[in-house]
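entry.pdb follows; it contains PDB, C-alpha atoms.
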ATOM      1  CA  MET A   1     -16.239 -25.833  32.587
ATOM      2  CA  LYS A   2     -15.463 -24.490  29.126
ATOM      3  CA  ALA A   3     -17.934 -23.612  26.401
ATOM      4  CA  ARG A   4     -17.726 -22.562  22.772
ATOM      5  CA  ILE A   5     -20.027 -19.924  21.265
ATOM      6  CA  LYS A   6     -20.599 -19.861  17.519
ATOM      7  CA  PHE A   7     -21.927 -16.654  15.990
ATOM      8  CA  ARG A   8     -22.536 -14.776  12.755
ATOM      9  CA  LYS A   9     -21.238 -11.323  11.918
ATOM     10  CA  TYR A  10     -22.973  -9.559   9.040
ATOM     11  CA  GLY A  11     -24.266  -6.269   7.643
ATOM     12  CA  VAL A  12     -22.764  -2.976   8.751
ATOM     13  CA  LEU A  13     -21.027  -4.641  11.717
ATOM     14  CA  ARG A  14     -18.485  -6.033   9.281
ATOM     15  CA  PHE A  15     -16.802  -2.643   9.655
ATOM     16  CA  ILE A  16     -16.200  -2.912  13.418
ATOM     17  CA  GLY A  17     -12.898  -4.298  14.647
ATOM     18  CA  HIS A  18     -12.018  -7.221  16.878
ATOM     19  CA  LEU A  19     -11.704  -5.172  20.087
ATOM     20  CA  ASP A  20     -15.211  -3.799  19.630
ATOM     21  CA  VAL A  21     -16.563  -7.331  19.087
ATOM     22  CA  MET A  22     -14.817  -8.453  22.272
ATOM     23  CA  ARG A  23     -16.294  -5.540  24.250
ATOM     24  CA  PHE A  24     -19.731  -6.340  22.847
ATOM     25  CA  PHE A  25     -19.558  -9.932  24.080
ATOM     26  CA  GLN A  26     -18.319  -8.813  27.488
ATOM     27  CA  LYS A  27     -21.430  -6.639  27.829
ATOM     28  CA  LEU A  28     -23.599  -9.442  26.428
ATOM     29  CA  MET A  29     -22.366 -11.853  29.104
ATOM     30  CA  ARG A  30     -23.403  -9.382  31.818
ATOM     31  CA  ARG A  31     -26.782  -8.530  30.314
ATOM     32  CA  THR A  32     -27.777 -12.169  29.895
ATOM     33  CA  ASP A  33     -26.382 -13.418  33.222
ATOM     34  CA  ILE A  34     -24.170 -16.017  31.578
ATOM     35  CA  PRO A  35     -22.062 -17.355  34.508
ATOM     36  CA  ILE A  36     -18.704 -16.608  32.923
ATOM     37  CA  ALA A  37     -15.540 -17.041  34.987
ATOM     38  CA  PHE A  38     -13.080 -14.233  35.715
ATOM     39  CA  THR A  39      -9.340 -14.227  36.178
ATOM     40  CA  GLY A  40      -7.929 -13.521  39.637
ATOM     41  CA  GLY A  41      -5.702 -10.668  40.781
ATOM     42  CA  TYR A  42      -6.251  -6.959  41.146
ATOM     43  CA  SER A  43      -7.738  -6.495  37.684
ATOM     44  CA  PRO A  44      -9.980  -9.493  36.943
ATOM     45  CA  HIS A  45     -11.348  -9.914  33.446
ATOM     46  CA  MET A  46     -13.640 -12.389  31.740
ATOM     47  CA  ILE A  47     -11.993 -15.575  30.530
ATOM     48  CA  MET A  48     -12.677 -15.603  26.802
ATOM     49  CA  SER A  49     -10.706 -16.140  23.602
ATOM     50  CA  PHE A  50     -11.577 -15.959  19.923
ATOM     51  CA  ALA A  51     -10.467 -18.702  17.543
ATOM     52  CA  SER A  52      -9.398 -16.225  14.867
ATOM     53  CA  PRO A  53     -10.350 -12.526  14.836
ATOM     54  CA  LEU A  54     -12.202 -11.569  11.666
ATOM     55  CA  GLY A  55     -10.679  -8.846   9.517
ATOM     56  CA  ILE A  56     -12.524  -5.556   9.099
ATOM     57  CA  GLY A  57     -14.850  -5.628   6.108
ATOM     58  CA  LEU A  58     -15.410  -9.395   6.182
ATOM     59  CA  THR A  59     -18.683 -11.080   7.076
ATOM     60  CA  SER A  60     -19.003 -14.554   8.547
ATOM     61  CA  ASP A  61     -21.365 -17.411   9.366
ATOM     62  CA  GLY A  62     -18.750 -19.260  11.428
ATOM     63  CA  GLU A  63     -17.077 -17.224  14.189
ATOM     64  CA  TYR A  64     -16.059 -18.837  17.481
ATOM     65  CA  LEU A  65     -15.568 -17.581  21.017
ATOM     66  CA  ASP A  66     -14.406 -19.850  23.852
ATOM     67  CA  ILE A  67     -15.400 -18.965  27.419
ATOM     68  CA  GLU A  68     -15.079 -20.518  30.862
ATOM     69  CA  LEU A  69     -18.239 -21.007  32.921
ATOM     70  CA  THR A  70     -18.666 -21.210  36.684
ATOM     71  CA  ALA A  71     -21.887 -23.219  36.253
ATOM     72  CA  PRO A  72     -23.598 -25.084  33.418
ATOM     73  CA  VAL A  73     -26.237 -23.392  31.265
ATOM     74  CA  ASP A  74     -28.975 -24.725  29.045
ATOM     75  CA  SER A  75     -27.658 -24.276  25.519
ATOM     76  CA  GLN A  76     -30.956 -23.461  23.820
ATOM     77  CA  GLU A  77     -32.067 -21.063  26.559
ATOM     78  CA  ALA A  78     -28.680 -19.310  26.606
ATOM     79  CA  VAL A  79     -28.735 -18.824  22.822
ATOM     80  CA  LYS A  80     -32.248 -17.384  23.072
ATOM     81  CA  ARG A  81     -31.280 -14.952  25.845
ATOM     82  CA  MET A  82     -28.164 -13.790  24.035
ATOM     83  CA  ASN A  83     -29.976 -13.190  20.739
ATOM     84  CA  GLU A  84     -32.630 -11.170  22.524
ATOM     85  CA  GLU A  85     -29.866  -8.768  23.601
ATOM     86  CA  CYS A  86     -27.851  -8.866  20.365
ATOM     87  CA  VAL A  87     -27.705  -5.958  17.963
ATOM     88  CA  GLU A  88     -28.399  -6.360  14.254
ATOM     89  CA  GLY A  89     -25.223  -7.661  12.698
ATOM     90  CA  ILE A  90     -24.414 -10.328  15.292
ATOM     91  CA  GLU A  91     -26.396 -13.530  15.814
ATOM     92  CA  VAL A  92     -25.462 -16.307  18.239
ATOM     93  CA  LEU A  93     -25.892 -19.730  16.611
ATOM     94  CA  SER A  94     -24.911 -22.147  19.376
ATOM     95  CA  ILE A  95     -23.176 -22.586  22.711
ATOM     96  CA  ARG A  96     -21.668 -25.991  23.483
ATOM     97  CA  GLN A  97     -19.553 -27.504  26.213
ATOM     98  CA  ILE A  98     -16.019 -28.374  25.090
ATOM     99  CA  PRO A  99     -13.163 -30.323  26.729
ATOM    100  CA  ASP A 100     -11.416 -28.484  29.552
ATOM    101  CA  GLU A 101      -7.906 -29.102  28.210
ATOM    102  CA  LYS A 102      -6.072 -25.929  27.283
ATOM    103  CA  LYS A 103      -4.824 -27.596  24.105
ATOM    104  CA  MET A 104      -8.426 -27.859  22.843
ATOM    105  CA  THR A 105      -9.173 -24.130  22.670
ATOM    106  CA  GLY A 106     -10.256 -22.870  19.273
ATOM    107  CA  MET A 107      -7.218 -20.623  19.035
ATOM    108  CA  THR A 108      -4.911 -23.611  19.592
ATOM    109  CA  ILE A 109      -6.531 -26.225  17.355
ATOM    110  CA  LEU A 110      -7.615 -24.007  14.443
ATOM    111  CA  ALA A 111      -6.287 -25.536  11.210
ATOM    112  CA  GLY A 112      -8.523 -24.423   8.340
ATOM    113  CA  ALA A 113     -11.285 -22.092   7.227
ATOM    114  CA  ASP A 114     -13.797 -21.852   4.383
ATOM    115  CA  TYR A 115     -14.408 -18.616   2.476
ATOM    116  CA  LEU A 116     -16.761 -17.494  -0.246
ATOM    117  CA  VAL A 117     -15.298 -14.758  -2.442
ATOM    118  CA  SER A 118     -17.743 -12.659  -4.469
ATOM    119  CA  VAL A 119     -17.050  -9.958  -7.042
ATOM    120  CA  LYS A 120     -18.353  -6.543  -5.955
ATOM    121  CA  GLU A 121     -17.073  -4.426  -8.824
ATOM    122  CA  CYS A 122     -15.837  -6.203 -11.881
ATOM    123  CA  THR A 123     -13.910  -5.575 -15.040
ATOM    124  CA  LEU A 124     -12.661  -9.145 -15.102
ATOM    125  CA  PRO A 125     -12.188 -10.720 -18.528
ATOM    126  CA  GLU A 126     -15.085 -12.883 -19.694
ATOM    127  CA  ASN A 127     -12.972 -16.017 -19.403
ATOM    128  CA  TRP A 128     -11.916 -15.330 -15.808
ATOM    129  CA  LYS A 129     -13.254 -18.689 -14.617
ATOM    130  CA  GLU A 130     -11.014 -20.554 -17.053
ATOM    131  CA  ARG A 131      -8.085 -18.355 -16.038
ATOM    132  CA  PHE A 132      -8.759 -19.051 -12.367
ATOM    133  CA  SER A 133      -8.853 -22.794 -13.043
ATOM    134  CA  ASP A 134      -5.490 -22.534 -14.800
ATOM    135  CA  PHE A 135      -4.152 -20.455 -11.905
ATOM    136  CA  MET A 136      -5.194 -23.073  -9.367
ATOM    137  CA  GLY A 137      -3.872 -25.869 -11.571
ATOM    138  CA  GLN A 138      -0.293 -24.742 -11.028
ATOM    139  CA  LYS A 139       1.990 -26.931  -8.945
ATOM    140  CA  GLU A 140       3.376 -23.837  -7.218
ATOM    141  CA  ILE A 141       1.995 -20.358  -6.524
ATOM    142  CA  ARG A 142       4.875 -18.317  -5.186
ATOM    143  CA  VAL A 143       4.269 -14.989  -3.451
ATOM    144  CA  ILE A 144       6.161 -12.583  -1.236
ATOM    145  CA  LYS A 145       4.755 -12.708   2.296
ATOM    146  CA  GLN A 146       5.575  -9.778   4.517
ATOM    147  CA  THR A 147       5.934  -9.945   8.275
ATOM    148  CA  LYS A 148       6.688  -7.182  10.784
ATOM    149  CA  ARG A 149      10.415  -7.883  10.517
ATOM    150  CA  SER A 150      11.027  -9.277   7.063
ATOM    151  CA  GLU A 151       9.624 -10.607   3.832
ATOM    152  CA  ARG A 152      10.121 -13.975   2.215
ATOM    153  CA  GLU A 153       8.997 -15.907  -0.823
ATOM    154  CA  VAL A 154       6.643 -18.796  -0.085
ATOM    155  CA  ASP A 155       4.584 -21.298  -2.055
ATOM    156  CA  ILE A 156       0.942 -20.860  -1.035
ATOM    157  CA  ARG A 157      -0.447 -23.664  -3.207
ATOM    158  CA  PRO A 158      -0.144 -26.323  -0.433
ATOM    159  CA  LEU A 159      -2.127 -24.006   1.857
ATOM    160  CA  ILE A 160      -5.133 -24.053  -0.491
ATOM    161  CA  TYR A 161      -6.907 -27.265   0.507
ATOM    162  CA  ARG A 162      -9.976 -27.021  -1.737
ATOM    163  CA  TRP A 163     -11.476 -24.627  -4.247
ATOM    164  CA  GLU A 164     -14.348 -24.441  -6.702
ATOM    165  CA  ILE A 165     -16.273 -21.949  -8.806
ATOM    166  CA  ARG A 166     -19.759 -21.397  -7.433
ATOM    167  CA  GLY A 167     -21.720 -19.341  -9.931
ATOM    168  CA  GLU A 168     -20.025 -15.953 -10.001
ATOM    169  CA  SER A 169     -18.209 -16.635  -6.723
ATOM    170  CA  VAL A 170     -15.152 -18.636  -5.655
ATOM    171  CA  PHE A 171     -15.117 -21.071  -2.739
ATOM    172  CA  LEU A 172     -11.776 -21.472  -0.966
ATOM    173  CA  GLN A 173     -10.754 -23.772   1.872
ATOM    174  CA  LEU A 174      -7.493 -22.437   3.261
ATOM    175  CA  ALA A 175      -4.988 -23.214   5.987
ATOM    176  CA  ALA A 176      -5.655 -21.209   9.142
ATOM    177  CA  GLY A 177      -4.130 -20.981  12.588
ATOM    178  CA  SER A 178      -0.812 -20.295  14.234
ATOM    179  CA  ALA A 179       1.218 -22.892  12.309
ATOM    180  CA  GLU A 180       0.083 -22.006   8.774
ATOM    181  CA  ASN A 181      -2.292 -19.216   7.809
ATOM    182  CA  LEU A 182      -3.436 -18.017   4.400
ATOM    183  CA  LYS A 183      -5.885 -15.183   3.862
ATOM    184  CA  PRO A 184      -8.284 -15.255   0.897
ATOM    185  CA  ASP A 185      -7.365 -11.753  -0.252
ATOM    186  CA  LEU A 186      -3.760 -12.854  -0.853
ATOM    187  CA  VAL A 187      -5.007 -15.684  -3.085
ATOM    188  CA  MET A 188      -7.238 -13.382  -5.128
ATOM    189  CA  GLU A 189      -4.672 -10.571  -5.359
ATOM    190  CA  THR A 190      -2.093 -13.057  -6.639
ATOM    191  CA  PHE A 191      -4.574 -14.349  -9.219
ATOM    192  CA  LEU A 192      -5.265 -10.810 -10.449
ATOM    193  CA  SER A 193      -1.567 -10.043 -10.621
ATOM    194  CA  GLU A 194      -0.781 -13.161 -12.648
ATOM    195  CA  SER A 195      -3.785 -12.454 -14.906
ATOM    196  CA  ALA A 196      -2.504  -8.937 -15.634
ATOM    197  CA  VAL A 197      -5.736  -7.342 -14.373
ATOM    198  CA  PRO A 198      -5.091  -3.641 -13.606
ATOM    199  CA  GLU A 199      -4.810  -2.821  -9.897
ATOM    200  CA  GLY A 200      -8.097  -1.468  -8.556
ATOM    201  CA  ALA A 201     -10.130  -2.819 -11.460
ATOM    202  CA  VAL A 202     -11.793  -5.492  -9.310
ATOM    203  CA  SER A 203     -13.212  -5.388  -5.790
ATOM    204  CA  PHE A 204     -14.038  -8.571  -3.876
ATOM    205  CA  ALA A 205     -16.293  -9.301  -0.903
ATOM    206  CA  TYR A 206     -15.020 -11.984   1.495
ATOM    207  CA  HIS A 207     -17.333 -14.127   3.617
ATOM    208  CA  ARG A 208     -16.045 -16.703   6.090
ATOM    209  CA  LEU A 209     -18.242 -19.792   6.148
ATOM    210  CA  GLU A 210     -16.677 -22.070   8.766
ATOM    211  CA  MET A 211     -13.565 -22.822  10.824
ATOM    212  CA  TYR A 212     -12.024 -26.234  11.433
ATOM    213  CA  ALA A 213      -9.682 -28.303  13.564
ATOM    214  CA  ASP A 214      -7.572 -31.044  12.014
ATOM    215  CA  MET A 215      -8.341 -34.345  13.753
ATOM    216  CA  GLY A 216      -6.451 -36.473  11.240
ATOM    217  CA  GLU A 217      -3.671 -38.911  12.108
ATOM    218  CA  ASP A 218      -0.458 -40.078  10.431
ATOM    219  CA  GLY A 219      -0.291 -36.972   8.263
ATOM    220  CA  LYS A 220      -3.790 -37.432   6.837
ATOM    221  CA  ARG A 221      -5.904 -34.300   7.058
ATOM    222  CA  ASN A 222      -9.375 -34.614   8.600
ATOM    223  CA  LEU A 223     -10.980 -31.224   9.089
ATOM    224  CA  VAL A 224     -13.955 -31.032  11.463
ATOM    225  CA  SER A 225     -15.825 -27.897  12.449
ATOM    226  CA  LEU A 226     -14.988 -26.320  15.796
ATOM    227  CA  GLU A 227     -18.681 -26.503  16.670
ATOM    228  CA  SER A 228     -18.773 -30.291  16.228
ATOM    229  CA  LEU A 229     -16.137 -30.778  18.946
ATOM    230  CA  GLY A 230     -18.606 -29.731  21.635
ATOM    231  CA  HIS A 231     -22.012 -30.890  22.822
ATOM    232  CA  GLU A 232     -25.144 -29.055  23.866
ATOM    233  CA  MET A 233     -25.756 -28.530  27.574
ATOM    234  CA  THR A 234     -28.952 -29.036  29.539
ATOM    235  CA  VAL A 235     -29.748 -28.154  33.152
TER     236      VAL A 235
END
Could you render the structure as structure tokens?
Amino acid sequence: MKARIKFRKYGVLRFIGHLDVMRFFQKLMRRTDIPIAFTGGYSPHMIMSFASPLGIGLTSDGEYLDIELTAPVDSQEAVKRMNEECVEGIEVLSIRQIPDEKKMTGMTILAGADYLVSVKECTLPENWKERFSDFMGQKEIRVIKQTKRSEREVDIRPLIYRWEIRGESVFLQLAAGSAENLKPDLVMETFLSESAVPEGAVSFAYHRLEMYADMGEDGKRNLVSLESLGHEMTV
């Protein structure tokens, strides 16, 4: 039986890395007696996988961890037990049963993510919102993407699914996952570069809101939250 945990990461814990988050959840499973399954062999470990590790410095309201259970749990009771053992900076929001197929893991089906980008330190021009609208109105936004082995020029505009100005912040819905992946900092850094804003003049805070799978057919995109693909358990 597989289950999906949704959690928040906020406050000072935004500065801890993915391995520390993984170790925290391993300890949390033990402390709360969640019946998580282990691999076999000489060095068994808990069966768990994260949909998309969060970068250091980012906060989130929509992180996902898939686990395998040896027995069902009551969703509401399990969430309560886990939050009683959580430290400030991590809050479990839900645990839901998901299909057992390997192809339905969050890591496999992840296709998009929402972000809210806020200005921390700002010397942006007064008309930055108009400039950002013009920036996003381009048919192409070409950047140099670097990998471990090479660099290549790509058009990131098709990877920006939605955007809007929200007060003094920017909402972005971006491609995510193994097939296509776009980080919000690359979008904002490209905007600053094209707007001739001096490097280091602006500092942004990035907050991930949600992660999605694409359940569309015939090339039509239909993003649904990873949480919605599961259902609550009762015992």
Separating CA of Met48 (chain A) from CA of Asp61 (chain A), to the nearest tenth of an Å, is a gap of 19.6 Å
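Using only C-alpha atoms, the nearest neighbour of Lys139 (chain A) within the list A:Arg30, A:Arg157, A:Arg221, A:Arg152 is A:Arg157.
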List as a Markdown table every residue of region 39-67 of chain A that is in contact with region 19-28 of chain A, defined as an atom at most 9 Å from one of its atoms (using only C-alpha atoms), together with the nearest atom pair and the distance in Å rounded to one decimal, sorted by chain and then rising number.
| residue | atom | partner | partner_atom | distance |
| --- | --- | --- | --- | --- |
| A:Met46 | CA | A:Gln26 | CA | 7.3 |
| A:Met48 | CA | A:Met22 | CA | 8.7 |
| A:Ser49 | CA | A:Met22 | CA | 8.8 |
| A:Phe50 | CA | A:Met22 | CA | 8.5 |
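What the PyMOL selection byres ((chain A and resi 64) around 8) picks from this file is Arg4, Ile5, Lys6, Phe7, Phe50, Ala51, Ser52, Gly62, Glu63, Leu65, Asp66, Gly106 and Leu226 of chain A.
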Starting from the PyMOL selection byres ((chain A and resi 176) around 12), expand the selection into actual residues of this file and give them as a ChimeraX atom specification. /A:51-54,106-115,159-161,172-175,177-184,208,210-214,223
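Take CA of Pro99 (chain A) and CA of Ser60 (chain A): the distance between them is 24.8 Å.
Summary of the local environment: counting only C-alpha atoms, residues at most 8 Å from Leu124 (chain A), other than itself and those fewer than 3 positions away along its chain, are Trp128, Val197, Ala201 and Val202 of chain A.
Nearest residue to Met82 (chain A) among A:Thr32, A:Ile47, A:Lys129, A:Leu58 is A:Thr32, counting all atoms listed in the file.
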Checklist line | Residues within 12 Å of (-7.9, -11.9, -11.5), counting only C-alpha atoms, listed as a VMD selection string | finding: chain A and resid 119 122 to 136 170 185 to 204
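For the pair CA of Met1 (chain A) and CA of Glu84 (chain A), the interatomic distance is 24.2 Å.
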